[in-house]
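Accompanying notes for the structure given below.
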Amino acid sequence: MSYSGIFAILLPYMAFAFLGGATNRLGITRGRPEKLILKFYINVLVPVLIVNYVVGNDALKDIGNVIAAPLVGFYGIVIGYIVSLATVKYFGIREKASAASFAFTVGIYNYGFISIPLTEHILGKSAVGLLLVHNIGIDTAYWSVGIGMLTGFSIKNMKALLKNPPLIAIFASLAVNFAIGGDVIPEWARKIMHPVVVAAIPIGIFVSGATLAENASALIKKGGWLVSFGAVLLRMFVIPALMVLTVMILPVSHELKMITAVQASMPAGMLSIVIVKYFGGDVETAAQTIFTTTIAGMFTIPLWIAFFMRVLS
């Protein structure tokens, strides 16, 4: 697919993020409404979306895919954390909390809101199911290694991971696939789920934009052009290249390689700022990282996806 074709797919979803930001700054979604939307998204919309894409997905009856996908996802996050921690001092960040916040936000990319619709448009519906299983590894790295960087490693973080509704939905859907096989969801249930699935991604992107706008003051207070430069350099260039170079030589399915190409191209995850804020990290550094990589991503995402897919093909 060409640069212009991928950009055309990406643009409406980015518009939802900016719309979410605008409603926050106008006071429409600020505070409690934003938190309610976020809770509804994580606990209801995402689990329904997962069941829709995973149950009955033939690609997920292959045990090789089910094992390899989370491992590749885990690696993609951990390599980002390692590269970020190893280079953070070159971007003017000296304090421990700021370094951890920088590495956390640079290392975790936007692995759901933007990558899911792009994957479906480019690779098809079955690839989305594999991507969601791939995200098990991302969630594991996020809540273990990532939160460990911010707070110290603990069993409590792993317990929080296991109580995560999207993760429960993935494991339950995979269990249905292997135990029963075939698409066990009746047509009438699919029709009920359809509007929920259609709404899930735009709502997720919308609330992400609102959350980022909520912390816009942190972005304004601290210039930090060197931090922004480092975030874009690592998240949008160095880490994607490492991820795709690695997956090129791994004995995994072509579909998983293509999914990695899409995921590697993503900017820093927007909701990471909520986690950094919750655990007492450096919100200013996190805001800069997310904002600058998201803006850069509007132009680099189509470029990288088109290039990576040509290389992997």
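Labels for the structure tokens follow display order: chains A, B, ..., residues from 1 in each chain, ligands from 1.
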Next on the checklist: Set the distance at 10 Å and use only C-alpha atoms: which residues neighbour A:His254 once local chain neighbours fewer than 5 positions away are removed? I'd like the list as a list in words.
Outcome noted: Val247, Met248, Ile259, Thr260, Leu312 and Ser313 of chain A
Could you dump the residues just selected with N, CA and C atoms as a JSON list (two decimals), in the first residue's frame?
[["chain", "number", "residue", "atom", "x", "y", "z"],
["A", 247, "VAL", "N", 12.46, -9.13, 13.65],
["A", 247, "VAL", "CA", 11.39, -10.03, 13.21],
["A", 247, "VAL", "C", 11.66, -10.59, 11.81],
["A", 248, "MET", "N", 12.47, -9.88, 11.02],
["A", 248, "MET", "CA", 12.84, -10.37, 9.69],
["A", 248, "MET", "C", 13.55, -11.72, 9.75],
["A", 259, "ILE", "N", 2.25, -7.60, 11.01],
["A", 259, "ILE", "CA", 1.67, -6.94, 12.19],
["A", 259, "ILE", "C", 2.75, -6.16, 12.94],
["A", 260, "THR", "N", 3.94, -6.74, 13.06],
["A", 260, "THR", "CA", 5.06, -6.05, 13.71],
["A", 260, "THR", "C", 5.42, -4.78, 12.95],
["A", 312, "LEU", "N", 9.59, -6.53, 4.00],
["A", 312, "LEU", "CA", 9.18, -7.84, 4.49],
["A", 312, "LEU", "C", 8.54, -8.71, 3.40],
["A", 313, "SER", "N", 8.06, -8.07, 2.36],
["A", 313, "SER", "CA", 7.47, -8.84, 1.25],
["A", 313, "SER", "C", 8.54, -9.38, 0.31]]
Next on the checklist: When you look at A:Tyr75 with a cut-off of 9 Å (counting only C-alpha atoms), what residues show up, excluding the ones that are within fewer than 5 positions of it in the same chain? I need them as a PyMOL selection string.
Outcome noted: chain A and resi 70+80+137-138+141+243
Next on the checklist: Residues within 9 Å of A:Phe113, please, as a list in words. Count only C-alpha atoms; anything in the same chain fewer than 6 positions from it doesn't count.
Outcome noted: Tyr13, Ala200, Ile201, Pro202, Ile203, Gly204, Ile205, Ser208 and Gly269 of chain A
Quick one: contact table of stretch 244-287 of chain A to stretch 117-123 of chain A, 10 Å max, nearest atom pair and distance in Å to one decimal per residue, counting only C-alpha atoms, chain and number order, as JSON lines?
{"residue": "A:Glu255", "atom": "CA", "partner": "A:Leu123", "partner_atom": "CA", "distance": 8.0}
{"residue": "A:Met258", "atom": "CA", "partner": "A:Leu123", "partner_atom": "CA", "distance": 8.0}
{"residue": "A:Ile259", "atom": "CA", "partner": "A:Thr119", "partner_atom": "CA", "distance": 7.0}
{"residue": "A:Ala261", "atom": "CA", "partner": "A:Thr119", "partner_atom": "CA", "distance": 9.8}
{"residue": "A:Val262", "atom": "CA", "partner": "A:Thr119", "partner_atom": "CA", "distance": 6.9}
{"residue": "A:Gln263", "atom": "CA", "partner": "A:Thr119", "partner_atom": "CA", "distance": 8.9}
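Of the residues under consideration (A:Ile136, A:Ile82, A:Tyr109, A:Asn177), A:Ile136 shows the shortest atom-to-atom contact distance to A:Leu162 when counting only C-alpha atoms.
We find atom CA of A:Ile6 and atom CA of A:Ser265 to be spaced 11.8 Å apart.
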Checklist entry - Out of A:Met149, A:Ala68, A:Val196, A:Ala172, which residue has the shortest atom-to-atom distance to A:Phe40 when counting only C-alpha atoms? => result A:Val196
Checklist entry - Which residues come within 7 Å of stretch 129-131 of chain A, counting only C-alpha atoms, excluding same-chain residues fewer than 6 positions away, as a PyMOL selection string? => result chain A and resi 53-54+57+59-60+259
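Proximity of A:Ala213, A:Ala175, A:Val283, A:Ile192 to A:Ala100, computed with only C-alpha atoms, is greatest for A:Val283.
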Next on the checklist: Quick one: residues within 6 Å of stretch 16-24 of chain A, only C-alpha atoms, excluding same-chain residues fewer than 5 positions away - as a list in words?
Outcome noted: Thr29, Arg30, Ile205, Phe206, Val207, Gly209, Ala210 and Ala213 of chain A
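Considering only C-alpha atoms, the residue among A:Ala179, A:Ala268, A:Val44, A:Val184 positioned nearest to A:Gln288 is A:Ala268.
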Compile the contact shell of A:Gly152 as a compact mmCIF listing (two decimals) with C-alpha atoms, in the first residue's frame: residues with an atom at most 12 Å away, counting only C-alpha atoms, same-chain residues fewer than 4 positions apart removed.
# COMPACT_ATOMS: atom_id res chain seq x y z
CA ALA A 97 12.19 9.79 37.93
CA ALA A 100 12.17 6.34 34.05
CA TRP A 143 2.63 -3.97 33.69
CA SER A 144 5.76 -5.83 34.79
CA VAL A 145 8.91 -4.25 33.31
CA GLY A 146 7.33 -0.85 32.58
CA ILE A 147 5.60 -0.25 35.91
CA GLY A 148 8.65 -1.75 37.60
CA LYS A 156 1.14 -6.50 43.10
CA ASN A 157 1.69 -5.24 39.54
CA PHE A 279 2.63 6.49 39.96
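Near A:Asp58, within a cut-off of 12 Å and counting only C-alpha atoms, sit the residues Tyr53, Val54, Asp62, Ile63, Asn65, Val66, Lys125, Ser126, Ala127, Val128, Gly129, Leu130, Leu174, Asn177, Phe178, Gly181, Gly182 and Asp183 of chain A, with same-chain residues fewer than 4 positions away left out.
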Store the residues picked out above in a file with N, CA and C atoms, as a PDB file, in the first residue's frame.
ATOM      1  N   TYR A  53     -13.091 -10.269  17.372  1.00  0.00           N
ATOM      2  CA  TYR A  53     -11.980 -10.564  16.463  1.00  0.00           C
ATOM      3  C   TYR A  53     -11.279 -11.896  16.739  1.00  0.00           C
ATOM      4  N   VAL A  54     -11.372 -12.398  17.967  1.00  0.00           N
ATOM      5  CA  VAL A  54     -10.604 -13.597  18.325  1.00  0.00           C
ATOM      6  C   VAL A  54     -11.410 -14.881  18.184  1.00  0.00           C
ATOM      7  N   ASP A  62      -3.767 -21.849  15.175  1.00  0.00           N
ATOM      8  CA  ASP A  62      -2.377 -22.278  14.992  1.00  0.00           C
ATOM      9  C   ASP A  62      -1.616 -21.985  16.285  1.00  0.00           C
ATOM     10  N   ILE A  63      -1.206 -23.034  16.987  1.00  0.00           N
ATOM     11  CA  ILE A  63      -0.545 -22.872  18.281  1.00  0.00           C
ATOM     12  C   ILE A  63       0.765 -22.091  18.153  1.00  0.00           C
ATOM     13  N   ASN A  65       1.316 -19.490  16.171  1.00  0.00           N
ATOM     14  CA  ASN A  65       0.958 -18.069  16.222  1.00  0.00           C
ATOM     15  C   ASN A  65       0.635 -17.622  17.640  1.00  0.00           C
ATOM     16  N   VAL A  66      -0.107 -18.458  18.363  1.00  0.00           N
ATOM     17  CA  VAL A  66      -0.553 -18.102  19.712  1.00  0.00           C
ATOM     18  C   VAL A  66       0.630 -17.983  20.675  1.00  0.00           C
ATOM     19  N   LYS A 125      -9.364  -8.703   8.588  1.00  0.00           N
ATOM     20  CA  LYS A 125      -9.934  -8.932   9.917  1.00  0.00           C
ATOM     21  C   LYS A 125      -9.184 -10.001  10.709  1.00  0.00           C
ATOM     22  N   SER A 126      -8.765 -11.089  10.055  1.00  0.00           N
ATOM     23  CA  SER A 126      -8.098 -12.178  10.784  1.00  0.00           C
ATOM     24  C   SER A 126      -6.796 -11.700  11.423  1.00  0.00           C
ATOM     25  N   ALA A 127      -6.127 -10.736  10.776  1.00  0.00           N
ATOM     26  CA  ALA A 127      -4.871 -10.201  11.311  1.00  0.00           C
ATOM     27  C   ALA A 127      -5.102  -9.427  12.605  1.00  0.00           C
ATOM     28  N   VAL A 128      -6.287  -8.833  12.761  1.00  0.00           N
ATOM     29  CA  VAL A 128      -6.588  -8.090  13.988  1.00  0.00           C
ATOM     30  C   VAL A 128      -6.636  -9.036  15.182  1.00  0.00           C
ATOM     31  N   GLY A 129      -7.196 -10.226  14.987  1.00  0.00           N
ATOM     32  CA  GLY A 129      -7.218 -11.219  16.058  1.00  0.00           C
ATOM     33  C   GLY A 129      -5.814 -11.586  16.507  1.00  0.00           C
ATOM     34  N   LEU A 130      -4.914 -11.790  15.534  1.00  0.00           N
ATOM     35  CA  LEU A 130      -3.523 -12.118  15.856  1.00  0.00           C
ATOM     36  C   LEU A 130      -2.840 -10.942  16.546  1.00  0.00           C
ATOM     37  N   LEU A 174      -9.515 -17.314  23.403  1.00  0.00           N
ATOM     38  CA  LEU A 174      -8.590 -18.346  22.919  1.00  0.00           C
ATOM     39  C   LEU A 174      -9.007 -19.723  23.427  1.00  0.00           C
ATOM     40  N   ASN A 177     -11.759 -20.957  21.311  1.00  0.00           N
ATOM     41  CA  ASN A 177     -11.229 -21.385  20.006  1.00  0.00           C
ATOM     42  C   ASN A 177     -10.670 -22.798  20.053  1.00  0.00           C
ATOM     43  N   PHE A 178      -9.844 -23.078  21.056  1.00  0.00           N
ATOM     44  CA  PHE A 178      -9.178 -24.383  21.132  1.00  0.00           C
ATOM     45  C   PHE A 178     -10.099 -25.479  21.662  1.00  0.00           C
ATOM     46  N   GLY A 181     -13.702 -24.751  18.776  1.00  0.00           N
ATOM     47  CA  GLY A 181     -13.366 -24.604  17.360  1.00  0.00           C
ATOM     48  C   GLY A 181     -14.521 -23.991  16.593  1.00  0.00           C
ATOM     49  N   GLY A 182     -14.201 -23.329  15.493  1.00  0.00           N
ATOM     50  CA  GLY A 182     -15.246 -22.705  14.688  1.00  0.00           C
ATOM     51  C   GLY A 182     -15.797 -21.453  15.348  1.00  0.00           C
ATOM     52  N   ASP A 183     -16.683 -20.780  14.639  1.00  0.00           N
ATOM     53  CA  ASP A 183     -17.289 -19.559  15.159  1.00  0.00           C
ATOM     54  C   ASP A 183     -18.558 -19.922  15.924  1.00  0.00           C
TER      55      ASP A 183
END
Item to check | Distance in Å - atom CA of A:Ile28 versus atom CA of A:Val274 | outcome: 19.0 Å
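The shortest atom-to-atom distance to A:Thr285, with only C-alpha atoms taken into account, belongs to A:Phe229 out of A:Phe237, A:Phe74, A:Trp188, A:Phe229.
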Next on the checklist: Taking only C-alpha atoms into account, name the residue in A:Val311, A:Leu212, A:Leu234, A:Ile239 that is nearest to A:Ala287.
Outcome noted: A:Leu212
Checklist entry - If you run DSSP on this backbone, which residues of stretch 53-180 of chain A come out as helix (DSSP H, G or I), and could you give them as a ChimeraX atom specification? => result /A:53-54,58-61,63-91,96-107,115-123,125-151,155-162,165-179
